[in-house]
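Student: mmCIF, C-alpha atoms, saved as model02.cif, coming up:
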data_run
loop_
_atom_site.group_PDB
_atom_site.id
_atom_site.type_symbol
_atom_site.label_atom_id
_atom_site.label_comp_id
_atom_site.auth_asym_id
_atom_site.auth_seq_id
_atom_site.Cartn_x
_atom_site.Cartn_y
_atom_site.Cartn_z
ATOM 1 C CA MET T 29 36.686 4.660 -10.461
ATOM 2 C CA PRO T 30 33.776 5.634 -12.665
ATOM 3 C CA ASP T 31 31.346 8.053 -11.104
ATOM 4 C CA ARG T 32 28.142 6.060 -10.879
ATOM 5 C CA SER T 33 26.061 9.079 -10.066
ATOM 6 C CA THR T 34 26.759 10.564 -13.506
ATOM 7 C CA GLU T 35 23.672 10.755 -15.673
ATOM 8 C CA PRO T 36 23.865 8.820 -18.934
ATOM 9 C CA PRO T 37 24.726 11.080 -21.878
ATOM 10 C CA ALA T 38 21.835 13.115 -23.217
ATOM 11 C CA VAL T 39 20.002 11.632 -26.178
ATOM 12 C CA ASP T 40 19.693 13.699 -29.342
ATOM 13 C CA GLU T 41 16.050 12.905 -29.981
ATOM 14 C CA ALA T 42 15.779 14.952 -33.162
ATOM 15 C CA ALA T 43 18.699 13.021 -34.652
ATOM 16 C CA LEU T 44 17.149 9.734 -33.530
ATOM 17 C CA LEU T 45 13.909 10.583 -35.298
ATOM 18 C CA ARG T 46 15.855 11.409 -38.473
ATOM 19 C CA GLY T 47 17.301 7.886 -38.344
ATOM 20 C CA ASP T 48 20.630 8.441 -36.597
ATOM 21 C CA ARG T 49 21.629 5.028 -35.260
ATOM 22 C CA GLN T 50 24.071 6.385 -32.702
ATOM 23 C CA ALA T 51 21.365 8.540 -31.158
ATOM 24 C CA PHE T 52 19.080 5.523 -31.060
ATOM 25 C CA GLU T 53 21.748 3.431 -29.358
ATOM 26 C CA ALA T 54 22.190 6.117 -26.708
ATOM 27 C CA PHE T 55 18.437 6.053 -26.194
ATOM 28 C CA VAL T 56 18.436 2.250 -25.798
ATOM 29 C CA ARG T 57 21.244 2.456 -23.233
ATOM 30 C CA ARG T 58 19.397 5.096 -21.256
ATOM 31 C CA GLU T 59 15.971 3.441 -21.319
ATOM 32 C CA THR T 60 16.927 -0.228 -20.898
ATOM 33 C CA PRO T 61 16.850 -0.294 -17.059
ATOM 34 C CA ARG T 62 13.451 1.400 -16.764
ATOM 35 C CA LEU T 63 11.782 -0.554 -19.518
ATOM 36 C CA TYR T 64 13.220 -3.879 -18.371
ATOM 37 C CA ARG T 65 12.120 -3.289 -14.769
ATOM 38 C CA PHE T 66 8.622 -2.425 -15.895
ATOM 39 C CA LEU T 67 8.387 -5.509 -18.114
ATOM 40 C CA LEU T 68 9.761 -7.772 -15.402
ATOM 41 C CA ARG T 69 7.303 -6.395 -12.863
ATOM 42 C CA TYR T 70 4.523 -6.974 -15.324
ATOM 43 C CA LEU T 71 5.545 -10.347 -16.756
ATOM 44 C CA HIS T 72 7.580 -11.914 -13.893
ATOM 45 C CA ASP T 73 9.746 -13.766 -16.383
ATOM 46 C CA GLU T 74 13.271 -12.598 -17.166
ATOM 47 C CA ASP T 75 13.546 -14.186 -20.618
ATOM 48 C CA GLU T 76 10.165 -12.881 -21.656
ATOM 49 C CA ALA T 77 10.897 -9.386 -20.305
ATOM 50 C CA ARG T 78 14.149 -9.379 -22.254
ATOM 51 C CA SER T 79 12.580 -10.507 -25.502
ATOM 52 C CA VAL T 80 9.604 -8.130 -25.232
ATOM 53 C CA MET T 81 12.053 -5.306 -24.547
ATOM 54 C CA GLN T 82 14.099 -6.112 -27.656
ATOM 55 C CA GLU T 83 10.960 -6.209 -29.754
ATOM 56 C CA THR T 84 9.785 -2.914 -28.225
ATOM 57 C CA PHE T 85 12.984 -1.103 -29.184
ATOM 58 C CA LEU T 86 12.951 -2.638 -32.638
ATOM 59 C CA GLN T 87 9.366 -1.546 -33.275
ATOM 60 C CA ALA T 88 10.139 1.916 -31.903
ATOM 61 C CA TRP T 89 12.967 2.241 -34.408
ATOM 62 C CA GLN T 90 10.941 0.914 -37.318
ATOM 63 C CA GLN T 91 7.881 3.031 -36.488
ATOM 64 C CA ARG T 92 9.693 6.210 -35.421
ATOM 65 C CA THR T 93 8.238 8.246 -38.288
ATOM 66 C CA GLY T 94 4.793 7.534 -36.782
ATOM 67 C CA PHE T 95 5.762 9.323 -33.560
ATOM 68 C CA GLU T 96 3.739 12.541 -33.508
ATOM 69 C CA GLY T 97 5.462 14.272 -30.605
ATOM 70 C CA ARG T 98 2.342 14.386 -28.436
ATOM 71 C CA SER T 99 4.316 12.972 -25.495
ATOM 72 C CA LYS T 100 7.969 12.351 -24.736
ATOM 73 C CA PHE T 101 9.488 9.827 -27.139
ATOM 74 C CA SER T 102 10.334 7.520 -24.213
ATOM 75 C CA THR T 103 6.673 7.589 -23.087
ATOM 76 C CA TRP T 104 5.589 6.607 -26.574
ATOM 77 C CA VAL T 105 8.082 3.719 -26.541
ATOM 78 C CA PHE T 106 6.724 2.584 -23.169
ATOM 79 C CA GLY T 107 3.292 2.458 -24.791
ATOM 80 C CA ILE T 108 4.631 0.051 -27.413
ATOM 81 C CA GLY T 109 6.122 -2.017 -24.584
ATOM 82 C CA VAL T 110 2.798 -2.189 -22.724
ATOM 83 C CA ASN T 111 1.009 -3.411 -25.854
ATOM 84 C CA LEU T 112 3.567 -6.111 -26.534
ATOM 85 C CA ALA T 113 3.576 -7.182 -22.876
ATOM 86 C CA ARG T 114 -0.225 -7.496 -22.902
ATOM 87 C CA THR T 115 -0.043 -9.776 -25.917
ATOM 88 C CA ALA T 116 2.694 -11.877 -24.301
ATOM 89 C CA LEU T 117 0.692 -12.196 -21.096
ATOM 90 C CA ARG T 118 -2.517 -13.239 -22.837
ATOM 91 C CA LYS T 119 -0.730 -16.086 -24.541
ATOM 92 C CA ARG T 120 0.201 -17.697 -21.279
ATOM 93 C CA ARG T 121 -2.033 -16.424 -18.482
ATOM 94 C CA ARG T 122 -2.117 -19.210 -15.918
ATOM 95 C CA THR T 123 -4.317 -17.934 -13.121
ATOM 96 C CA GLU T 124 -7.475 -15.961 -13.710
ATOM 97 C CA PRO T 125 -7.324 -12.466 -12.224
ATOM 98 C CA MET T 126 -10.137 -10.949 -10.195
ATOM 99 C CA GLU T 127 -13.216 -9.699 -11.961
ATOM 100 C CA GLU T 128 -14.891 -6.304 -11.660
ATOM 101 C CA ALA T 129 -17.405 -7.759 -9.195
ATOM 102 C CA ASP T 130 -14.565 -8.909 -6.921
ATOM 103 C CA LEU T 131 -13.082 -5.451 -7.126
ATOM 104 C CA ASP T 132 -16.467 -3.927 -6.208
ATOM 105 C CA ARG T 133 -16.656 -6.037 -3.073
ATOM 106 C CA LEU T 134 -13.262 -4.726 -1.940
ATOM 107 C CA GLN T 135 -14.286 -1.043 -2.199
ATOM 108 C CA PRO T 136 -15.513 0.903 0.854
ATOM 109 C CA HIS T 137 -19.300 0.957 1.168
ATOM 110 C CA PHE T 138 -21.502 3.892 2.083
ATOM 111 C CA ARG T 139 -24.968 4.541 3.436
ATOM 112 C CA GLN T 140 -26.308 8.059 2.868
ATOM 113 C CA GLY T 141 -22.794 9.284 2.127
ATOM 114 C CA LEU T 142 -21.297 7.825 5.326
ATOM 115 C CA HIS T 143 -18.935 4.891 5.656
ATOM 116 C CA VAL T 144 -20.535 1.600 6.644
ATOM 117 C CA GLY T 145 -17.208 0.142 7.824
ATOM 118 C CA ARG T 146 -14.532 1.302 10.292
ATOM 119 C CA PHE T 147 -10.831 1.589 9.514
ATOM 120 C CA GLU T 148 -8.182 1.014 12.165
ATOM 121 C CA ARG T 149 -5.138 3.206 11.892
ATOM 122 C CA VAL T 150 -1.938 1.422 10.878
ATOM 123 C CA SER T 151 1.679 2.420 11.431
ATOM 124 C CA PRO T 152 3.410 2.107 8.072
ATOM 125 C CA LEU T 153 6.886 2.989 9.335
ATOM 126 C CA ASP T 154 8.960 -0.097 8.605
ATOM 127 C CA LEU T 155 6.109 -2.113 7.238
ATOM 128 C CA ALA T 156 7.100 -1.728 3.606
ATOM 129 C CA GLU T 157 10.538 -3.211 4.317
ATOM 130 C CA ARG T 158 9.199 -6.475 5.687
ATOM 131 C CA ALA T 159 9.806 -9.388 3.323
ATOM 132 C CA ASP T 160 6.458 -11.027 4.093
ATOM 133 C CA VAL T 161 4.657 -7.772 3.283
ATOM 134 C CA GLN T 162 6.617 -7.326 0.055
ATOM 135 C CA GLN T 163 5.693 -10.811 -1.071
ATOM 136 C CA ARG T 164 2.051 -10.311 -0.183
ATOM 137 C CA VAL T 165 1.967 -6.959 -1.998
ATOM 138 C CA ARG T 166 3.336 -8.533 -5.148
ATOM 139 C CA ALA T 167 0.812 -11.379 -5.013
ATOM 140 C CA ALA T 168 -2.061 -8.948 -4.459
ATOM 141 C CA VAL T 169 -1.011 -6.760 -7.423
ATOM 142 C CA ASP T 170 -0.936 -9.871 -9.609
ATOM 143 C CA GLU T 171 -4.522 -10.674 -8.673
ATOM 144 C CA LEU T 172 -5.818 -7.410 -10.127
ATOM 145 C CA PRO T 173 -7.567 -7.370 -13.501
ATOM 146 C CA GLU T 174 -5.052 -6.432 -16.203
ATOM 147 C CA SER T 175 -6.313 -2.912 -16.889
ATOM 148 C CA TYR T 176 -5.937 -2.072 -13.177
ATOM 149 C CA ARG T 177 -2.628 -3.850 -12.721
ATOM 150 C CA GLU T 178 -1.087 -1.871 -15.586
ATOM 151 C CA VAL T 179 -2.006 1.400 -13.919
ATOM 152 C CA VAL T 180 -0.672 0.334 -10.505
ATOM 153 C CA VAL T 181 2.611 -0.962 -11.936
ATOM 154 C CA LEU T 182 3.216 2.196 -13.964
ATOM 155 C CA ARG T 183 2.053 4.678 -11.383
ATOM 156 C CA ASP T 184 2.983 3.235 -7.974
ATOM 157 C CA LEU T 185 5.754 0.723 -8.733
ATOM 158 C CA GLN T 186 7.513 2.514 -11.596
ATOM 159 C CA GLY T 187 6.778 5.972 -10.197
ATOM 160 C CA LEU T 188 5.299 7.557 -13.332
ATOM 161 C CA SER T 189 3.054 10.578 -12.854
ATOM 162 C CA THR T 190 -0.667 10.326 -13.573
ATOM 163 C CA GLU T 191 -0.025 12.337 -16.744
ATOM 164 C CA GLU T 192 2.721 9.990 -17.979
ATOM 165 C CA ALA T 193 0.718 6.857 -17.162
ATOM 166 C CA ALA T 194 -2.210 8.335 -19.109
ATOM 167 C CA GLU T 195 0.024 8.934 -22.134
ATOM 168 C CA VAL T 196 1.548 5.450 -22.019
ATOM 169 C CA LEU T 197 -1.868 3.773 -21.780
ATOM 170 C CA GLY T 198 -3.727 6.129 -24.113
ATOM 171 C CA LEU T 199 -6.251 7.025 -21.377
ATOM 172 C CA SER T 200 -7.462 10.318 -19.923
ATOM 173 C CA ARG T 201 -5.983 11.422 -16.607
ATOM 174 C CA GLY T 202 -9.394 11.018 -15.018
ATOM 175 C CA ASN T 203 -9.615 7.475 -16.239
ATOM 176 C CA VAL T 204 -6.160 6.651 -14.878
ATOM 177 C CA ARG T 205 -7.176 8.079 -11.502
ATOM 178 C CA VAL T 206 -10.412 6.089 -11.360
ATOM 179 C CA ARG T 207 -8.606 2.844 -12.123
ATOM 180 C CA LEU T 208 -5.735 3.639 -9.807
ATOM 181 C CA HIS T 209 -8.129 4.448 -6.991
ATOM 182 C CA ARG T 210 -10.217 1.294 -7.363
ATOM 183 C CA ALA T 211 -7.051 -0.779 -7.555
ATOM 184 C CA ARG T 212 -5.515 0.851 -4.470
ATOM 185 C CA GLN T 213 -8.717 0.396 -2.471
ATOM 186 C CA ALA T 214 -8.859 -3.273 -3.417
ATOM 187 C CA LEU T 215 -5.186 -3.701 -2.481
ATOM 188 C CA ARG T 216 -5.769 -1.869 0.785
ATOM 189 C CA ALA T 217 -8.588 -4.244 1.695
ATOM 190 C CA LEU T 218 -6.437 -7.242 0.798
ATOM 191 C CA LEU T 219 -3.295 -6.006 2.543
ATOM 192 C CA VAL T 220 -4.492 -4.339 5.741
ATOM 193 C CA PRO T 221 -4.745 -7.641 7.649
ATOM 194 C CA TYR T 222 -1.033 -8.172 6.905
ATOM 195 C CA PHE T 223 -0.144 -4.624 7.891
ATOM 196 C CA ALA T 224 -1.689 -5.158 11.298
ATOM 197 C CA ALA T 225 -0.095 -8.561 11.872
ATOM 198 C CA THR T 226 3.379 -9.008 13.331
ATOM 199 C CA PRO T 227 5.880 -10.872 11.096
ATOM 200 C CA GLU T 228 5.466 -14.000 13.249
ATOM 201 C CA ASP T 229 1.745 -14.412 12.803
ATOM 202 C CA ALA T 230 1.493 -12.967 9.275
ATOM 203 C CA MET A 13 -18.013 26.204 9.252
ATOM 204 C CA PRO A 14 -17.561 26.696 5.524
ATOM 205 C CA ARG A 15 -20.501 28.186 3.724
ATOM 206 C CA ARG A 16 -20.810 25.295 1.329
ATOM 207 C CA ALA A 17 -22.174 21.955 2.537
ATOM 208 C CA MET A 18 -19.683 19.667 4.210
ATOM 209 C CA LEU A 19 -18.294 16.937 1.999
ATOM 210 C CA THR A 20 -19.634 13.487 2.766
ATOM 211 C CA CYS A 21 -17.338 10.519 3.474
ATOM 212 C CA LYS A 22 -18.240 9.294 0.005
ATOM 213 C CA ASP A 23 -17.046 12.572 -1.561
ATOM 214 C CA VAL A 24 -13.801 12.384 0.398
ATOM 215 C CA GLU A 25 -13.206 8.806 -0.728
ATOM 216 C CA ARG A 26 -13.780 9.783 -4.349
ATOM 217 C CA PHE A 27 -11.189 12.591 -4.196
ATOM 218 C CA LEU A 28 -8.424 10.619 -2.467
ATOM 219 C CA VAL A 29 -6.190 10.140 -5.524
ATOM 220 C CA THR A 30 -6.539 13.740 -6.623
ATOM 221 C CA TYR A 31 -5.802 14.879 -3.068
ATOM 222 C CA LEU A 32 -2.682 12.721 -2.817
ATOM 223 C CA ASP A 33 -1.618 13.900 -6.297
ATOM 224 C CA ASP A 34 -1.902 17.398 -4.779
ATOM 225 C CA ASP A 35 -4.221 18.326 -7.611
ATOM 226 C CA LEU A 36 -7.370 19.495 -5.783
ATOM 227 C CA ASP A 37 -8.097 23.175 -6.201
ATOM 228 C CA GLU A 38 -7.517 25.256 -3.097
ATOM 229 C CA ALA A 39 -11.170 25.539 -2.053
ATOM 230 C CA MET A 40 -11.803 21.825 -2.466
ATOM 231 C CA ARG A 41 -8.625 20.910 -0.631
ATOM 232 C CA ARG A 42 -9.754 23.003 2.354
ATOM 233 C CA ARG A 43 -13.161 21.339 2.431
ATOM 234 C CA PHE A 44 -11.487 17.936 2.105
ATOM 235 C CA GLU A 45 -9.130 18.601 5.019
ATOM 236 C CA TRP A 46 -11.916 20.155 7.086
ATOM 237 C CA HIS A 47 -13.835 16.883 6.799
ATOM 238 C CA LEU A 48 -10.745 14.828 7.635
ATOM 239 C CA ARG A 49 -10.070 16.783 10.816
ATOM 240 C CA ARG A 50 -13.523 15.891 12.065
ATOM 241 C CA CYS A 51 -13.997 12.349 10.807
ATOM 242 C CA ARG A 52 -12.048 9.512 12.409
ATOM 243 C CA VAL A 53 -13.408 6.962 9.952
ATOM 244 C CA CYS A 54 -12.033 8.853 6.948
ATOM 245 C CA THR A 55 -8.743 9.489 8.776
ATOM 246 C CA GLY A 56 -8.394 5.757 9.397
ATOM 247 C CA LEU A 57 -9.138 5.004 5.763
ATOM 248 C CA LEU A 58 -6.651 7.613 4.510
ATOM 249 C CA ASP A 59 -4.071 6.134 6.836
ATOM 250 C CA GLN A 60 -4.570 2.615 5.458
ATOM 251 C CA TYR A 61 -4.642 3.982 1.917
ATOM 252 C CA ARG A 62 -1.330 5.796 2.402
ATOM 253 C CA ALA A 63 0.249 2.691 3.945
ATOM 254 C CA THR A 64 -0.857 0.712 0.880
ATOM 255 C CA VAL A 65 0.623 3.219 -1.564
ATOM 256 C CA GLU A 66 3.825 3.342 0.488
ATOM 257 C CA ALA A 67 4.112 -0.462 0.448
ATOM 258 C CA LEU A 68 3.676 -0.404 -3.341
ATOM 259 C CA ARG A 69 6.253 2.337 -3.840
ATOM 260 C CA ARG A 70 8.801 0.547 -1.707
ATOM 261 C CA GLN A 71 8.601 -2.710 -3.585
ATOM 262 C CA PRO A 72 12.244 -3.469 -4.368
ATOM 263 C CA ALA A 73 13.299 -2.716 -7.950
ATOM 264 C CA PRO A 74 14.204 -5.897 -9.826
ATOM 265 C CA PRO A 75 17.933 -6.116 -10.617
ATOM 266 C CA VAL A 76 18.989 -5.307 -14.181
ATOM 267 C CA PRO A 77 21.716 -7.608 -15.579
ATOM 268 C CA PRO A 78 24.812 -5.438 -16.223
ATOM 269 C CA ALA A 79 25.250 -6.546 -19.843
ATOM 270 C CA LEU A 80 21.578 -6.193 -20.739
ATOM 271 C CA ALA A 81 21.807 -2.938 -22.695
ATOM 272 C CA GLU A 82 24.782 -4.169 -24.750
ATOM 273 C CA GLN A 83 23.072 -7.488 -25.493
ATOM 274 C CA THR A 84 19.956 -5.623 -26.559
ATOM 275 C CA LEU A 85 22.025 -3.405 -28.829
ATOM 276 C CA ALA A 86 23.709 -6.458 -30.389
ATOM 277 C CA PHE A 87 20.261 -7.867 -31.193
ATOM 278 C CA LEU A 88 19.075 -4.542 -32.601
ATOM 279 C CA ARG A 89 22.162 -3.994 -34.763
ATOM 280 C CA GLU A 90 21.653 -7.381 -36.384
ATOM 281 C CA GLU A 91 17.997 -6.651 -37.071
ATOM 282 C CA MET A 92 18.702 -3.137 -38.323
ATOM 283 C CA ASP A 93 21.452 -4.365 -40.654
ATOM 284 C CA GLU A 94 18.920 -6.615 -42.340
ATOM 285 C CA GLU A 95 16.668 -3.673 -43.135
#
Is it possible to give me this structure as structure tokens?
Tutor:
Amino acid sequence: MPDRSTEPPAVDEAALLRGDRQAFEAFVRRETPRLYRFLLRYLHDEDEARSVMQETFLQAWQQRTGFEGRSKFSTWVFGIGVNLARTALRKRRRTEPMEEADLDRLQPHFRQGLHVGRFERVSPLDLAERADVQQRVRAAVDELPESYREVVVLRDLQGLSTEEAAEVLGLSRGNVRVRLHRARQALRALLVPYFAATPEDA
Amino acid sequence: MPRRAMLTCKDVERFLVTYLDDDLDEAMRRRFEWHLRRCRVCTGLLDQYRATVEALRRQPAPPVPPALAEQTLAFLREEMDEE
């Protein structure tokens, strides 16, 4: 039986950048699961995720001499994927996402530096496993304005670090954190009622 | 009581991401935690915030079709051969 815990073979990035097709193929094999999952989480359409992924790899190959080595090659390729996914999404956006003003309303409010609201404690133990919560989380993420949704998908769903997300999106780390924070606060406000509810009355 | 002024709830809220990224400098982290120990409102908010992040992180990963990488490579080889 094959050992499924074995890491895929290392990719010779220097060879890839020189135009070695075998090295590129190894890279495609290694990166396909991550890139596809990201695109599917972002686009929610298997055919579209597949076709955007193919185009991403193709562009990465064709534009490899433009890679300046300021991040990992795979991060740079993810950046191409995000751009192509944005374009694909704009062509067919069905529901309008929230606007900045909606996001503002969902942030905590302060008077003289103190919270105006109160926040009940929640017990997150098995909450994240509940199917109704998972569905609600996904719907709430989809409501976010695009520039916030991108950050949440990369950072919290895909598990990239703040640094990596910043490189993929071409933003500063500070900027990623500001967006991530506003997005998480909005999601918190939207989701807390579901966290508190039992599955029956959710 | 630390010598510097206590952080306000608003300050604490602003530093949440950096705190959870474990990227606050030592002095700031102490002031942050000092506030948290004394403020039930901020503790409640942090709790909800953490639950939200946890729910996001535990979203199930979409399945990847087993033949996807090979199909992608077939597409790429065709395109690259045309170059």
Student: State, in Å with one decimal place, the distance from atom CA of Leu131 of chain T to atom CA of Leu219 of chain T.
Tutor: 13.8 Å
Student: Got a sec: who's within 8 Å of segment 174-182 of chain T, counting all atoms listed in the file, leaving out chain neighbours fewer than 4 positions off, as a ChimeraX atom specification?
Tutor: /T:66,69-70,125,169-170,186-188,193,204,207-208,210-212
Student: Would you kindly return, as a ChimeraX atom specification, each protein, DNA or RNA residue with an atom no farther than 8 Å from any atom of segment 21-24 of chain A, considering all atoms listed in the file and excluding same-chain residues fewer than 2 positions away?
Tutor: /T:138,141-143 /A:19,26-28,44,47,54
Student: Could you list the residues chosen by the PyMOL selection byres ((chain A and resi 60) around 7) in this structure as a PyMOL selection string?
Tutor: (chain T and resi 149-150+216+220) or (chain A and resi 56-59+61-64)
Student: Could you state the separation of atom CA of Glu91 of chain A and atom CA of Ala113 of chain T in Å, given to one decimal place?
Tutor: 20.2 Å
Student: Go through chain T residue by residue and, counting all atoms listed in the file, keep those with an atom at most 6 Å from chain A; for each kept residue give the shortest atom pair and its distance in Å to one decimal, ordered by chain and increasing number, as JSON lines.
Tutor:
{"residue": "T:Arg57", "atom": "CA", "partner": "A:Ala81", "partner_atom": "CA", "distance": 5.4}
{"residue": "T:Thr60", "atom": "CA", "partner": "A:Ala81", "partner_atom": "CA", "distance": 5.9}
{"residue": "T:Arg65", "atom": "CA", "partner": "A:Pro74", "partner_atom": "CA", "distance": 6.0}
{"residue": "T:Gln82", "atom": "CA", "partner": "A:Thr84", "partner_atom": "CA", "distance": 6.0}
{"residue": "T:Gly141", "atom": "CA", "partner": "A:Lys22", "partner_atom": "CA", "distance": 5.0}
{"residue": "T:Leu142", "atom": "CA", "partner": "A:Cys21", "partner_atom": "CA", "distance": 5.1}
{"residue": "T:Arg146", "atom": "CA", "partner": "A:Val53", "partner_atom": "CA", "distance": 5.8}
{"residue": "T:Phe147", "atom": "CA", "partner": "A:Gly56", "partner_atom": "CA", "distance": 4.8}
{"residue": "T:Glu148", "atom": "CA", "partner": "A:Gly56", "partner_atom": "CA", "distance": 5.5}
{"residue": "T:Arg149", "atom": "CA", "partner": "A:Gly56", "partner_atom": "CA", "distance": 4.8}
{"residue": "T:Pro152", "atom": "CA", "partner": "A:Ala63", "partner_atom": "CA", "distance": 5.2}
{"residue": "T:Ala156", "atom": "CA", "partner": "A:Ala67", "partner_atom": "CA", "distance": 4.5}
{"residue": "T:Asp184", "atom": "CA", "partner": "A:Arg69", "partner_atom": "CA", "distance": 5.3}
{"residue": "T:Leu185", "atom": "CA", "partner": "A:Arg69", "partner_atom": "CA", "distance": 5.2}
{"residue": "T:Arg216", "atom": "CA", "partner": "A:Thr64", "partner_atom": "CA", "distance": 5.5}
Student: Kindly give the distance, in Å, that separates atom CA of Val206 of chain T and atom CA of Lys100 of chain T, rounded to a single decimal.
Tutor: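 Atom-to-atom, atom CA of Val206 of chain T and atom CA of Lys100 of chain T are spaced 23.6 Å apart.
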Student: Applied to the shown file, which residues does the PyMOL selection byres ((chain T and resi 94-96) around 12) return, written as a ChimeraX atom specification?
Tutor: /T:41-42,44-46,87-93,97-105,107-108
Student: With the PyMOL selection byres ((chain T and resi 80) around 8) as the selection, what would be picked from this file? Answer as a ChimeraX atom specification, please.
Tutor: /T:67,76-79,81-84,109,112-113,116
Student: Give me the residues near Glu45 of chain A as JSON, numbers by chain, where near means some atom within 10 Å (using all atoms listed in the file) and where sequence neighbours in that chain fewer than 3 positions away do not count.
Tutor: {"A": [19, 24, 31, 40, 41, 42, 48, 49, 50, 51, 55]}
Student: Since the input has fewer atoms than a full residue there, write segment 92-111 of chain T out with N, CA and C atoms, as an mmCIF file, keeping the file's coordinate frame.
Tutor:
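See result-v8.cif below for the written result:
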data_model
loop_
_atom_site.group_PDB
_atom_site.id
_atom_site.type_symbol
_atom_site.label_atom_id
_atom_site.label_comp_id
_atom_site.auth_asym_id
_atom_site.auth_seq_id
_atom_site.Cartn_x
_atom_site.Cartn_y
_atom_site.Cartn_z
ATOM 1 N N ARG T 92 9.396 4.878 -35.982
ATOM 2 C CA ARG T 92 9.693 6.210 -35.421
ATOM 3 C C ARG T 92 9.059 7.350 -36.212
ATOM 4 N N THR T 93 8.847 7.150 -37.509
ATOM 5 C CA THR T 93 8.238 8.246 -38.288
ATOM 6 C C THR T 93 6.764 8.431 -37.905
ATOM 7 N N GLY T 94 6.186 7.421 -37.231
ATOM 8 C CA GLY T 94 4.793 7.534 -36.782
ATOM 9 C C GLY T 94 4.666 8.269 -35.458
ATOM 10 N N PHE T 95 5.795 8.600 -34.830
ATOM 11 C CA PHE T 95 5.762 9.323 -33.560
ATOM 12 C C PHE T 95 5.369 10.780 -33.824
ATOM 13 N N GLU T 96 4.275 11.217 -33.186
ATOM 14 C CA GLU T 96 3.739 12.541 -33.508
ATOM 15 C C GLU T 96 4.147 13.620 -32.516
ATOM 16 N N GLY T 97 4.970 13.264 -31.538
ATOM 17 C CA GLY T 97 5.462 14.272 -30.605
ATOM 18 C C GLY T 97 4.421 14.756 -29.614
ATOM 19 N N ARG T 98 3.364 13.953 -29.402
ATOM 20 C CA ARG T 98 2.342 14.386 -28.436
ATOM 21 C C ARG T 98 2.735 14.077 -26.992
ATOM 22 N N SER T 99 3.775 13.244 -26.830
ATOM 23 C CA SER T 99 4.316 12.972 -25.495
ATOM 24 C C SER T 99 5.833 12.909 -25.666
ATOM 25 N N LYS T 100 6.534 12.581 -24.578
ATOM 26 C CA LYS T 100 7.969 12.351 -24.736
ATOM 27 C C LYS T 100 8.144 11.083 -25.570
ATOM 28 N N PHE T 101 9.237 11.010 -26.318
ATOM 29 C CA PHE T 101 9.488 9.827 -27.139
ATOM 30 C C PHE T 101 9.546 8.577 -26.259
ATOM 31 N N SER T 102 10.200 8.688 -25.095
ATOM 32 C CA SER T 102 10.334 7.520 -24.213
ATOM 33 C C SER T 102 8.965 7.042 -23.720
ATOM 34 N N THR T 103 8.026 7.966 -23.509
ATOM 35 C CA THR T 103 6.673 7.589 -23.087
ATOM 36 C C THR T 103 5.977 6.811 -24.202
ATOM 37 N N TRP T 104 6.168 7.280 -25.408
ATOM 38 C CA TRP T 104 5.589 6.607 -26.574
ATOM 39 C C TRP T 104 6.150 5.181 -26.695
ATOM 40 N N VAL T 105 7.445 5.041 -26.469
ATOM 41 C CA VAL T 105 8.082 3.719 -26.541
ATOM 42 C C VAL T 105 7.542 2.806 -25.435
ATOM 43 N N PHE T 106 7.331 3.354 -24.254
ATOM 44 C CA PHE T 106 6.724 2.584 -23.169
ATOM 45 C C PHE T 106 5.354 2.056 -23.580
ATOM 46 N N GLY T 107 4.610 2.877 -24.309
ATOM 47 C CA GLY T 107 3.292 2.458 -24.791
ATOM 48 C C GLY T 107 3.392 1.237 -25.697
ATOM 49 N N ILE T 108 4.403 1.226 -26.560
ATOM 50 C CA ILE T 108 4.631 0.051 -27.413
ATOM 51 C C ILE T 108 4.932 -1.158 -26.523
ATOM 52 N N GLY T 109 5.757 -0.943 -25.513
ATOM 53 C CA GLY T 109 6.122 -2.017 -24.584
ATOM 54 C C GLY T 109 4.914 -2.591 -23.864
ATOM 55 N N VAL T 110 4.001 -1.720 -23.419
ATOM 56 C CA VAL T 110 2.798 -2.189 -22.724
ATOM 57 C C VAL T 110 1.964 -3.064 -23.656
ATOM 58 N N ASN T 111 1.798 -2.618 -24.902
ATOM 59 C CA ASN T 111 1.009 -3.411 -25.854
ATOM 60 C C ASN T 111 1.603 -4.780 -26.099
#
